[in-house]
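Structure data (PDB, C-alpha atoms) from my_file29.pdb:
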ATOM      1  CA  MET R1107     194.263 133.135  41.321
ATOM      2  CA  ASP R1108     194.923 132.817  37.588
ATOM      3  CA  GLY R1109     191.557 132.744  35.805
ATOM      4  CA  SER R1110     193.086 130.747  32.962
ATOM      5  CA  LEU R1111     193.247 127.722  35.269
ATOM      6  CA  PHE R1112     189.453 127.541  35.457
ATOM      7  CA  ALA R1113     186.834 126.452  32.945
ATOM      8  CA  LEU R1114     183.196 127.143  33.728
ATOM      9  CA  LEU R1115     181.021 124.231  32.741
ATOM     10  CA  LEU R1116     177.288 124.839  32.936
ATOM     11  CA  LEU R1117     174.985 121.856  33.036
ATOM     12  CA  SER R1118     171.339 121.967  32.149
ATOM     13  CA  GLY R1119     168.468 119.588  31.663
ATOM     14  CA  LEU R1120     166.703 120.423  28.416
ATOM     15  CA  PHE R1121     163.250 118.889  28.074
ATOM     16  CA  TRP R1122     162.190 118.097  24.527
ATOM     17  CA  SER R1123     159.004 116.267  23.690
ATOM     18  CA  SER R1124     157.954 115.372  20.180
ATOM     19  CA  SER R1125     154.205 115.385  20.767
ATOM     20  CA  ALA R1126     152.045 117.923  18.992
ATOM     21  CA  LEU R1127     151.151 121.119  20.847
ATOM     22  CA  SER R1128     147.479 120.117  20.404
ATOM     23  CA  ARG R1129     147.644 117.688  23.327
ATOM     24  CA  LYS R1130     145.525 114.581  23.776
ATOM     25  CA  TYR R1131     143.693 114.816  27.094
ATOM     26  CA  HIS R1132     142.302 112.011  29.277
ATOM     27  CA  TYR R1133     139.673 112.508  31.992
ATOM     28  CA  ILE R1134     140.263 110.151  34.919
ATOM     29  CA  ASN R1135     137.066 109.764  36.947
ATOM     30  CA  VAL R1136     138.836 108.571  40.093
ATOM     31  CA  SER R1137     139.283 110.836  43.108
ATOM     32  CA  MET R1138     142.914 111.329  44.144
ATOM     33  CA  SER R1139     145.076 114.008  45.762
ATOM     34  CA  TRP R1140     147.145 116.187  43.415
ATOM     35  CA  PRO R1141     150.421 114.260  44.083
ATOM     36  CA  GLU R1142     148.635 110.929  43.561
ATOM     37  CA  ALA R1143     147.085 112.192  40.329
ATOM     38  CA  GLN R1144     150.488 113.406  39.149
ATOM     39  CA  SER R1145     152.032 109.955  39.743
ATOM     40  CA  TYR R1146     149.124 108.247  37.973
ATOM     41  CA  CYS R1147     149.457 110.457  34.883
ATOM     42  CA  ARG R1148     153.231 110.065  34.727
ATOM     43  CA  GLU R1149     152.979 106.280  34.936
ATOM     44  CA  ARG R1150     150.305 105.874  32.245
ATOM     45  CA  PHE R1151     150.514 108.958  30.038
ATOM     46  CA  THR R1152     152.838 111.978  30.074
ATOM     47  CA  ASP R1153     151.768 114.130  33.025
ATOM     48  CA  LEU R1154     148.869 116.052  34.517
ATOM     49  CA  ALA R1155     147.214 118.320  31.959
ATOM     50  CA  THR R1156     149.136 121.354  30.727
ATOM     51  CA  VAL R1157     147.054 124.146  29.171
ATOM     52  CA  ASP R1158     148.303 126.692  26.619
ATOM     53  CA  SER R1159     145.206 128.390  25.184
ATOM     54  CA  MET R1160     141.445 128.825  25.301
ATOM     55  CA  ALA R1161     141.214 125.997  22.764
ATOM     56  CA  ASP R1162     142.891 123.732  25.336
ATOM     57  CA  VAL R1163     140.511 124.991  28.056
ATOM     58  CA  ASN R1164     137.514 124.095  25.890
ATOM     59  CA  SER R1165     138.962 120.646  25.196
ATOM     60  CA  LEU R1166     139.255 119.987  28.919
ATOM     61  CA  VAL R1167     135.730 121.197  29.641
ATOM     62  CA  ASN R1168     134.312 118.931  26.936
ATOM     63  CA  ILE R1169     135.891 115.708  28.233
ATOM     64  CA  VAL R1170     134.704 116.043  31.855
ATOM     65  CA  ASP R1171     131.570 114.011  32.594
ATOM     66  CA  ALA R1172     128.536 116.245  32.050
ATOM     67  CA  GLY R1173     127.010 115.240  35.373
ATOM     68  CA  TYR R1174     130.064 116.214  37.419
ATOM     69  CA  ASN R1175     129.929 119.688  38.953
ATOM     70  CA  GLY R1176     133.083 119.739  41.076
ATOM     71  CA  ALA R1177     136.666 120.639  40.231
ATOM     72  CA  VAL R1178     139.246 118.434  38.486
ATOM     73  CA  TRP R1179     143.015 118.598  38.941
ATOM     74  CA  ILE R1180     145.223 120.013  36.201
ATOM     75  CA  GLY R1181     149.031 120.184  36.235
ATOM     76  CA  LEU R1182     149.525 123.646  37.760
ATOM     77  CA  LYS R1183     151.062 124.021  41.213
ATOM     78  CA  LYS R1184     152.451 126.929  43.213
ATOM     79  CA  GLY R1185     156.207 127.385  42.733
ATOM     80  CA  THR R1186     158.860 129.176  44.756
ATOM     81  CA  GLN R1187     159.811 132.044  42.423
ATOM     82  CA  LYS R1188     157.887 134.984  41.035
ATOM     83  CA  ARG R1189     158.421 135.796  37.354
ATOM     84  CA  TRP R1190     157.042 138.481  35.074
ATOM     85  CA  ALA R1191     155.207 136.934  32.132
ATOM     86  CA  TRP R1192     152.744 137.808  29.368
ATOM     87  CA  SER R1193     149.024 137.074  29.520
ATOM     88  CA  ASN R1194     149.123 135.236  26.171
ATOM     89  CA  GLY R1195     151.573 132.702  27.631
ATOM     90  CA  ASP R1196     154.879 134.121  26.384
ATOM     91  CA  ALA R1197     157.868 134.368  28.711
ATOM     92  CA  PHE R1198     159.045 137.888  29.540
ATOM     93  CA  GLY R1199     161.943 138.637  27.167
ATOM     94  CA  GLN R1200     164.717 141.180  26.955
ATOM     95  CA  TYR R1201     162.649 144.276  26.123
ATOM     96  CA  SER R1202     161.222 146.330  29.018
ATOM     97  CA  ASN R1203     160.351 149.961  29.676
ATOM     98  CA  TRP R1204     159.968 150.223  33.447
ATOM     99  CA  LEU R1205     159.905 153.557  35.252
ATOM    100  CA  SER R1206     162.954 154.028  37.489
ATOM    101  CA  GLY R1207     162.448 152.077  40.734
ATOM    102  CA  GLU R1208     159.992 149.678  39.126
ATOM    103  CA  PRO R1209     158.739 146.989  39.274
ATOM    104  CA  GLN R1210     157.884 146.803  42.961
ATOM    105  CA  SER R1211     157.797 143.313  44.464
ATOM    106  CA  THR R1212     154.445 143.848  46.193
ATOM    107  CA  ASN R1213     152.620 144.668  42.935
ATOM    108  CA  ASN R1214     151.781 141.833  40.551
ATOM    109  CA  CYS R1215     150.350 143.551  37.466
ATOM    110  CA  ALA R1216     151.746 146.148  35.049
ATOM    111  CA  MET R1217     150.271 149.454  33.898
ATOM    112  CA  LEU R1218     151.228 151.512  30.889
ATOM    113  CA  GLY R1219     151.654 155.292  31.031
ATOM    114  CA  VAL R1220     152.333 157.718  28.198
ATOM    115  CA  ILE R1221     156.053 156.871  28.345
ATOM    116  CA  THR R1222     156.898 154.076  30.836
ATOM    117  CA  TRP R1223     155.561 151.010  32.654
ATOM    118  CA  ARG R1224     154.590 150.808  36.332
ATOM    119  CA  SER R1225     153.688 147.897  38.608
ATOM    120  CA  PHE R1226     150.378 148.110  40.437
ATOM    121  CA  ALA R1227     147.941 146.070  42.556
ATOM    122  CA  CYS R1228     145.916 143.872  40.186
ATOM    123  CA  SER R1229     142.678 144.793  41.998
ATOM    124  CA  HIS R1230     142.868 148.422  40.816
ATOM    125  CA  ALA R1231     140.307 149.383  38.147
ATOM    126  CA  THR R1232     141.282 151.346  35.054
ATOM    127  CA  CYS R1233     141.081 151.295  31.233
ATOM    128  CA  PHE R1234     143.151 148.750  29.316
ATOM    129  CA  SER R1235     144.625 147.756  25.974
ATOM    130  CA  CYS R1236     143.604 144.612  24.061
ATOM    131  CA  TYR R1237     145.290 143.000  21.093
ATOM    132  CA  ASN R1238     143.171 141.769  18.192
ATOM    133  CA  GLU R1239     144.777 139.538  15.554
ATOM    134  CA  SER R1240     142.805 141.336  12.827
ATOM    135  CA  THR R1241     142.931 144.976  13.916
ATOM    136  CA  GLY R1242     145.970 145.245  16.220
ATOM    137  CA  HIS R1243     146.093 147.056  19.579
ATOM    138  CA  LEU R1244     142.940 148.765  20.898
ATOM    139  CA  ARG R1245     142.256 151.051  23.876
ATOM    140  CA  ILE R1246     139.168 149.881  25.792
ATOM    141  CA  ALA R1247     137.468 152.681  27.737
ATOM    142  CA  LEU R1248     136.048 150.487  30.509
ATOM    143  CA  TRP R1249     137.201 150.561  34.120
ATOM    144  CA  LEU R1250     138.079 146.985  35.105
ATOM    145  CA  ASN R1251     140.663 145.304  37.300
ATOM    146  CA  TRP R1252     143.481 143.380  35.582
ATOM    147  CA  SER R1253     141.765 139.958  35.634
ATOM    148  CA  GLU R1254     138.480 141.424  34.394
ATOM    149  CA  ALA R1255     140.344 143.236  31.616
ATOM    150  CA  GLN R1256     142.067 139.995  30.633
ATOM    151  CA  SER R1257     138.711 138.164  30.465
ATOM    152  CA  TYR R1258     137.204 140.962  28.365
ATOM    153  CA  CYS R1259     140.098 140.900  25.869
ATOM    154  CA  ARG R1260     139.940 137.121  25.523
ATOM    155  CA  LYS R1261     136.172 137.194  24.990
ATOM    156  CA  TYR R1262     135.983 140.005  22.421
ATOM    157  CA  HIS R1263     139.504 140.144  20.941
ATOM    158  CA  THR R1264     142.597 137.937  21.399
ATOM    159  CA  ASP R1265     144.227 138.913  24.714
ATOM    160  CA  LEU R1266     145.673 141.853  26.617
ATOM    161  CA  SER R1267     148.363 143.707  24.650
ATOM    162  CA  THR R1268     151.957 142.483  24.697
ATOM    163  CA  MET R1269     155.087 144.450  23.773
ATOM    164  CA  HIS R1270     158.248 142.618  22.746
ATOM    165  CA  THR R1271     159.970 145.462  20.896
ATOM    166  CA  LYS R1272     160.370 149.237  21.147
ATOM    167  CA  GLU R1273     158.332 149.663  17.967
ATOM    168  CA  GLU R1274     155.428 147.623  19.296
ATOM    169  CA  SER R1275     155.631 149.469  22.608
ATOM    170  CA  SER R1276     155.328 152.818  20.803
ATOM    171  CA  LYS R1277     152.096 151.671  19.131
ATOM    172  CA  VAL R1278     150.481 150.777  22.458
ATOM    173  CA  HIS R1279     151.807 153.881  24.243
ATOM    174  CA  SER R1280     150.097 155.998  21.583
ATOM    175  CA  LEU R1281     146.720 154.750  22.894
ATOM    176  CA  VAL R1282     147.256 156.265  26.355
ATOM    177  CA  LEU R1283     145.458 159.546  27.031
ATOM    178  CA  TYR R1284     147.562 161.698  29.364
ATOM    179  CA  PRO R1285     147.651 161.538  32.385
ATOM    180  CA  GLU R1286     145.977 158.106  32.583
ATOM    181  CA  THR R1287     147.589 154.693  32.977
ATOM    182  CA  ILE R1288     146.072 151.563  31.420
ATOM    183  CA  TRP R1289     146.438 147.834  31.944
ATOM    184  CA  PHE R1290     148.363 145.732  29.453
ATOM    185  CA  GLY R1291     149.307 142.043  29.414
ATOM    186  CA  LEU R1292     152.252 141.850  31.825
ATOM    187  CA  PHE R1293     151.772 140.133  35.195
ATOM    188  CA  GLN R1294     153.853 138.496  37.913
ATOM    189  CA  ASP R1295     153.418 134.739  38.247
ATOM    190  CA  SER R1296     154.614 132.078  40.706
ATOM    191  CA  TRP R1297     152.859 128.989  39.321
ATOM    192  CA  GLU R1298     154.540 126.101  37.501
ATOM    193  CA  TRP R1299     153.395 123.225  35.298
ATOM    194  CA  SER R1300     153.998 119.676  36.478
ATOM    195  CA  ASP R1301     155.754 118.791  33.191
ATOM    196  CA  LYS R1302     157.979 121.921  33.494
ATOM    197  CA  TRP R1303     156.413 123.461  30.395
ATOM    198  CA  SER R1304     157.617 127.053  30.150
ATOM    199  CA  ARG R1305     154.539 128.935  28.925
ATOM    200  CA  PHE R1306     152.414 131.159  31.189
ATOM    201  CA  PHE R1307     148.820 130.886  29.975
ATOM    202  CA  ARG R1308     146.522 131.208  32.997
ATOM    203  CA  TYR R1309     142.699 131.123  33.256
ATOM    204  CA  TRP R1310     141.840 132.044  36.826
ATOM    205  CA  ALA R1311     138.328 132.401  38.229
ATOM    206  CA  ALA R1312     137.348 135.727  39.796
ATOM    207  CA  GLY R1313     139.330 136.380  42.981
ATOM    208  CA  GLN R1314     141.949 133.755  42.087
ATOM    209  CA  PRO R1315     144.735 133.127  42.772
ATOM    210  CA  SER R1316     144.270 134.167  46.371
ATOM    211  CA  GLN R1317     147.041 136.029  48.178
ATOM    212  CA  SER R1318     145.733 135.092  51.627
ATOM    213  CA  GLU R1319     147.782 132.962  53.986
ATOM    214  CA  GLY R1320     147.006 129.241  53.827
ATOM    215  CA  SER R1321     145.546 129.255  50.321
ATOM    216  CA  GLY R1322     145.861 125.978  48.453
ATOM    217  CA  ALA R1323     148.997 125.277  46.421
ATOM    218  CA  CYS R1324     147.424 123.108  43.688
ATOM    219  CA  VAL R1325     145.050 124.055  40.885
ATOM    220  CA  GLY R1326     141.750 122.586  39.784
ATOM    221  CA  MET R1327     139.493 123.410  36.845
ATOM    222  CA  SER R1328     135.708 123.868  37.102
ATOM    223  CA  ARG R1329     133.594 122.584  34.201
ATOM    224  CA  ILE R1330     130.548 124.606  35.266
ATOM    225  CA  ASN R1331     132.547 127.862  35.478
ATOM    226  CA  SER R1332     133.635 127.844  31.817
ATOM    227  CA  GLY R1333     136.740 125.838  32.708
ATOM    228  CA  LYS R1334     138.202 128.517  35.002
ATOM    229  CA  TRP R1335     140.821 127.654  37.607
ATOM    230  CA  ALA R1336     141.013 127.953  41.394
ATOM    231  CA  GLN R1337     143.385 126.975  44.213
ATOM    232  CA  TYR R1338     142.753 123.943  46.415
ATOM    233  CA  SER R1339     144.598 122.059  49.096
ATOM    234  CA  CYS R1340     146.799 119.476  47.343
ATOM    235  CA  ASP R1341     145.346 116.790  49.649
ATOM    236  CA  LYS R1342     141.813 117.278  48.314
ATOM    237  CA  GLN R1343     140.458 114.124  46.642
ATOM    238  CA  GLN R1344     138.990 114.818  43.193
ATOM    239  CA  PRO R1345     139.116 113.564  39.578
ATOM    240  CA  PHE R1346     141.835 114.818  37.247
ATOM    241  CA  ILE R1347     142.968 115.188  33.640
ATOM    242  CA  CYS R1348     146.159 113.736  32.146
ATOM    243  CA  HIS R1349     147.764 114.524  28.798
ATOM    244  CA  GLY R1350     149.761 112.416  26.355
ATOM    245  CA  ASP R1351     149.320 109.059  24.597
ATOM    246  CA  GLU R1352     151.223 105.889  23.854
ATOM    247  CA  ASN R1353     152.980 107.524  20.902
ATOM    248  CA  PHE R1354     154.400 110.326  23.045
ATOM    249  CA  ARG R1355     158.175 110.476  23.026
ATOM    250  CA  LYS R1356     160.280 112.661  25.229
ATOM    251  CA  GLN R1357     163.982 113.165  25.402
ATOM    252  CA  ILE R1358     166.011 114.872  28.118
ATOM    253  CA  VAL R1359     169.227 116.358  26.798
ATOM    254  CA  ARG R1360     171.903 117.590  29.199
ATOM    255  CA  LEU R1361     173.811 120.552  27.835
ATOM    256  CA  LYS R1362     177.365 121.473  28.742
ATOM    257  CA  LEU R1363     178.295 125.076  27.944
ATOM    258  CA  SER R1364     181.485 127.000  28.541
ATOM    259  CA  CYS R1365     182.186 130.696  28.821
ATOM    260  CA  ASN R1366     184.990 133.063  29.785
ATOM    261  CA  GLY R1367     184.480 135.437  32.682
ATOM    262  CA  LYS R1368     181.109 136.037  34.317
ATOM    263  CA  CYS R1369     178.164 134.126  32.792
ATOM    264  CA  ALA R1370     174.547 135.220  33.249
ATOM    265  CA  VAL R1371     172.967 132.075  31.855
ATOM    266  CA  ASN R1372     170.322 131.981  34.605
ATOM    267  CA  ASP R1373     168.939 135.237  33.246
ATOM    268  CA  ARG R1374     165.504 134.257  31.926
ATOM    269  CA  SER R1375     165.758 136.389  28.794
ATOM    270  CA  LEU R1376     168.992 134.624  27.846
ATOM    271  CA  GLN R1377     167.428 131.233  28.532
ATOM    272  CA  THR R1378     164.523 132.174  26.252
ATOM    273  CA  ALA R1379     166.983 133.184  23.524
ATOM    274  CA  ILE R1380     168.781 129.828  23.841
ATOM    275  CA  LEU R1381     165.484 127.935  23.551
ATOM    276  CA  ASN R1382     164.589 129.961  20.457
ATOM    277  CA  GLU R1383     167.882 128.988  18.827
ATOM    278  CA  ILE R1384     167.291 125.328  19.652
ATOM    279  CA  SER R1385     163.750 125.529  18.238
ATOM    280  CA  GLU R1386     165.089 127.023  15.004
ATOM    281  CA  LYS R1387     167.609 124.195  14.779
ATOM    282  CA  LEU R1388     164.837 121.620  15.220
ATOM    283  CA  LYS R1389     162.840 123.286  12.453
ATOM    284  CA  SER R1390     165.830 123.103  10.118
ATOM    285  CA  MET R1391     165.937 119.366  10.884
ATOM    286  CA  GLY R1392     162.240 118.994  10.065
ATOM    287  CA  LEU R1393     161.228 118.480  13.715
ATOM    288  CA  GLY R1394     160.022 121.921  14.761
ATOM    289  CA  ASN R1395     156.392 121.704  13.648
ATOM    290  CA  ASP R1396     155.382 119.096  16.233
ATOM    291  CA  SER R1397     157.942 119.551  18.966
ATOM    292  CA  LYS R1398     158.158 121.630  22.098
ATOM    293  CA  VAL R1399     161.290 122.585  23.953
ATOM    294  CA  SER R1400     161.523 123.791  27.536
ATOM    295  CA  TRP R1401     163.956 123.839  30.459
ATOM    296  CA  ARG R1402     163.602 121.077  33.017
ATOM    297  CA  LYS R1403     164.525 121.817  36.642
ATOM    298  CA  GLY R1404     163.591 120.806  40.141
ATOM    299  CA  GLU R1405     161.307 123.114  42.096
ATOM    300  CA  GLY R1406     163.241 126.097  43.409
ATOM    301  CA  GLU R1407     166.371 125.172  41.452
ATOM    302  CA  GLU R1408     168.168 127.139  38.794
ATOM    303  CA  VAL R1409     168.276 125.798  35.246
ATOM    304  CA  PHE R1410     172.084 126.011  34.993
ATOM    305  CA  HIS R1411     174.622 124.912  37.581
ATOM    306  CA  GLU R1412     178.278 125.907  37.658
ATOM    307  CA  GLU R1413     181.161 123.482  37.783
ATOM    308  CA  ILE R1414     184.805 124.533  38.187
ATOM    309  CA  ASN R1415     187.540 122.335  36.748
ATOM    310  CA  ARG R1416     191.010 123.064  38.102
ATOM    311  CA  THR R1417     194.035 122.242  35.972
ATOM    312  CA  ALA R1418     195.989 119.417  37.605
ATOM    313  CA  ASN R1419     199.636 119.890  38.657
ATOM    314  CA  SER R1420     202.112 118.786  36.037
ATOM    315  CA  ASN R1421     203.323 115.952  38.322
ATOM    316  CA  ASN R1422     199.698 114.819  38.841
ATOM    317  CA  LYS R1423     200.133 115.148  42.623
ATOM    318  CA  CYS R1424     198.076 117.207  45.008
ATOM    319  CA  SER R1425     199.755 120.335  46.339
ATOM    320  CA  GLY R1426     201.060 120.244  49.893
ATOM    321  CA  PRO R1427     200.352 122.864  52.583
TER     322      PRO R1427
END
Translate the structure described by the file into structure tokens.
Amino acid sequence: MDGSLFALLLLSGLFWSSSALSRKYHYINVSMSWPEAQSYCRERFTDLATVDSMADVNSLVNIVDAGYNGAVWIGLKKGTQKRWAWSNGDAFGQYSNWLSGEPQSTNNCAMLGVITWRSFACSHATCFSCYNESTGHLRIALWLNWSEAQSYCRKYHTDLSTMHTKEESSKVHSLVLYPETIWFGLFQDSWEWSDKWSRFFRYWAAGQPSQSEGSGACVGMSRINSGKWAQYSCDKQQPFICHGDENFRKQIVRLKLSCNGKCAVNDRSLQTAILNEISEKLKSMGLGNDSKVSWRKGEGEEVFHEEINRTANSNNKCSGP
């Protein structure tokens, strides 16, 4: 059939909120299930708490009642799709350097060799590479599993190393002593924020998240464990933390895009590039310093959806058999 008779229209929900990234948190000392807590936060504030950094973790720890030793709900819940992401919260972009045949779906953490990347079980112990904002990338000659390495980097430096370009990758590869492989900051994640925020900062307790069958699908934070996170059954009744205030404004913008031929707009690297362009536009309008932009979608759904418009017959009548 003549391709000129079709126009591909791609619809998307773009979530834009004009609150500052330094969120205002609210501790709610009422025990509810995770879905009940989510509804409460959405009715009175913005949503259950979203966390982007160790500064946010510390803010949450400080607002929980000092006498409470249990867990509190935050806005993280198990999703339906696994995605590779960076330990510092960045989405996985266009640059990669996987060995042929990698990554393997059963391995959730990434190792760096002298030349290429490999996926591996996160429980494996080896040396690792940290990034320090002052001194750059560093090889750490301690044998730790991926989560332990992440905790070490966050405590003594900034985070595990990330590589967004070939040049940056070369710097980190130069730290590897042949024939070893070392951990860096790439991991596979299947958790999603209640407000659909697109960053991937995670602060799991030791042994979390669990891969065992029947593990809880909702996430709580422990004040007495330095604010670290663990899985719980979503039906568990416990206090929770909301974010947002009465001055919070959010706007959902539906985009309609067109393209000729095959479109790969559900490729996550392309979606990240589109968000970056929108963020730059907001900055040029004087809105970028206190705004956040992310894709909004239902659980398990794609961001973009295809529509096909057929050109009507010239007599405006349907064709017969």
Closest to R:Trp1249 among R:Trp1190, R:Trp1223, R:Trp1289, R:Tyr1262, using only C-alpha atoms? R:Trp1289
Report as a list in words the full result of the PyMOL selection byres ((chain R and resi 1327) around 7) when it is applied to this structure. Ala1177, Val1178, Trp1179, Ile1180, Val1325, Gly1326, Ser1328, Arg1329, Gly1333, Lys1334, Trp1335 and Ala1336 of chain R
Residues in the PyMOL selection byres ((chain R and resi 1182) around 9), expressed as a list of chain:residue names: R:Leu1154, R:Ala1155, R:Thr1156, R:Val1157, R:Trp1179, R:Ile1180, R:Gly1181, R:Lys1183, R:Lys1184, R:Trp1297, R:Glu1298, R:Trp1299, R:Ser1300, R:Ala1323, R:Cys1324, R:Val1325, R:Gly1326
One decimal, in Å: what's the spacing between atom CA of R:Tyr1131 and atom CA of R:Lys1342?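 Separating atom CA of R:Tyr1131 from atom CA of R:Lys1342 is a distance of 21.4 Å.
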Provide the atom CA of R:Tyr1237 to atom CA of R:His1263 distance in Å, to one decimal place.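 These two atoms are separated by 6.5 Å.
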Choose the residue, out of R:Lys1188, R:Arg1260, R:Ile1288, R:Ser1276, that has the smallest atom-to-atom separation from R:Ile1246; count all atoms listed in the file. R:Ile1288
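Among the candidates R:Thr1378, R:Asn1251, R:Ser1137, R:Ser1159, the one nearest to R:Asp1341 when counting all atoms listed in the file is R:Ser1137.
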Enter the distance from atom CA of R:Val1136 to atom CA of R:Pro1345, in Å, rounded to one decimal.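 Distance between the two atoms: 5.0 Å.
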Give as an MDAnalysis selection string the residues that the PyMOL selection byres ((chain R and resi 1226-1229) around 9) matches when applied to the coordinates above. chainID R and resid 1209:1210 1212:1217 1224:1225 1230:1231 1250:1253 1293
So, counting all atoms listed in the file, which residue among R:Phe1198, R:Tyr1309, R:Phe1290, R:Tyr1258 is closest to R:Gln1377?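 Checking each candidate against R:Gln1377, we get R:Phe1198 as the closest.
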Let me make sure I understand: among R:Gln1294, R:Thr1222, R:Ser1316, R:Asn1331, which one has the smallest atom-to-atom distance to R:Val1278 if we use only C-alpha atoms?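 Result for the nearest residue to R:Val1278: R:Thr1222.
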For R:Asp1196, which of R:Thr1287, R:Ser1332, R:Gln1343, R:Thr1268 is the closest residue, counting all atoms listed in the file? R:Thr1268
Which protein, DNA or RNA residues are at most 10 Å from (140.7, 113.2, 22.5) in the file's coordinates when you count only C-alpha atoms, listed as a list of chain:residue names?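 Residues satisfying the cut-off, written out: R:Ser1128, R:Arg1129, R:Lys1130, R:Tyr1131, R:His1132, R:Tyr1133, R:Ser1165, R:Leu1166, R:Asn1168, R:Ile1169, R:His1349, R:Gly1350, R:Asp1351.
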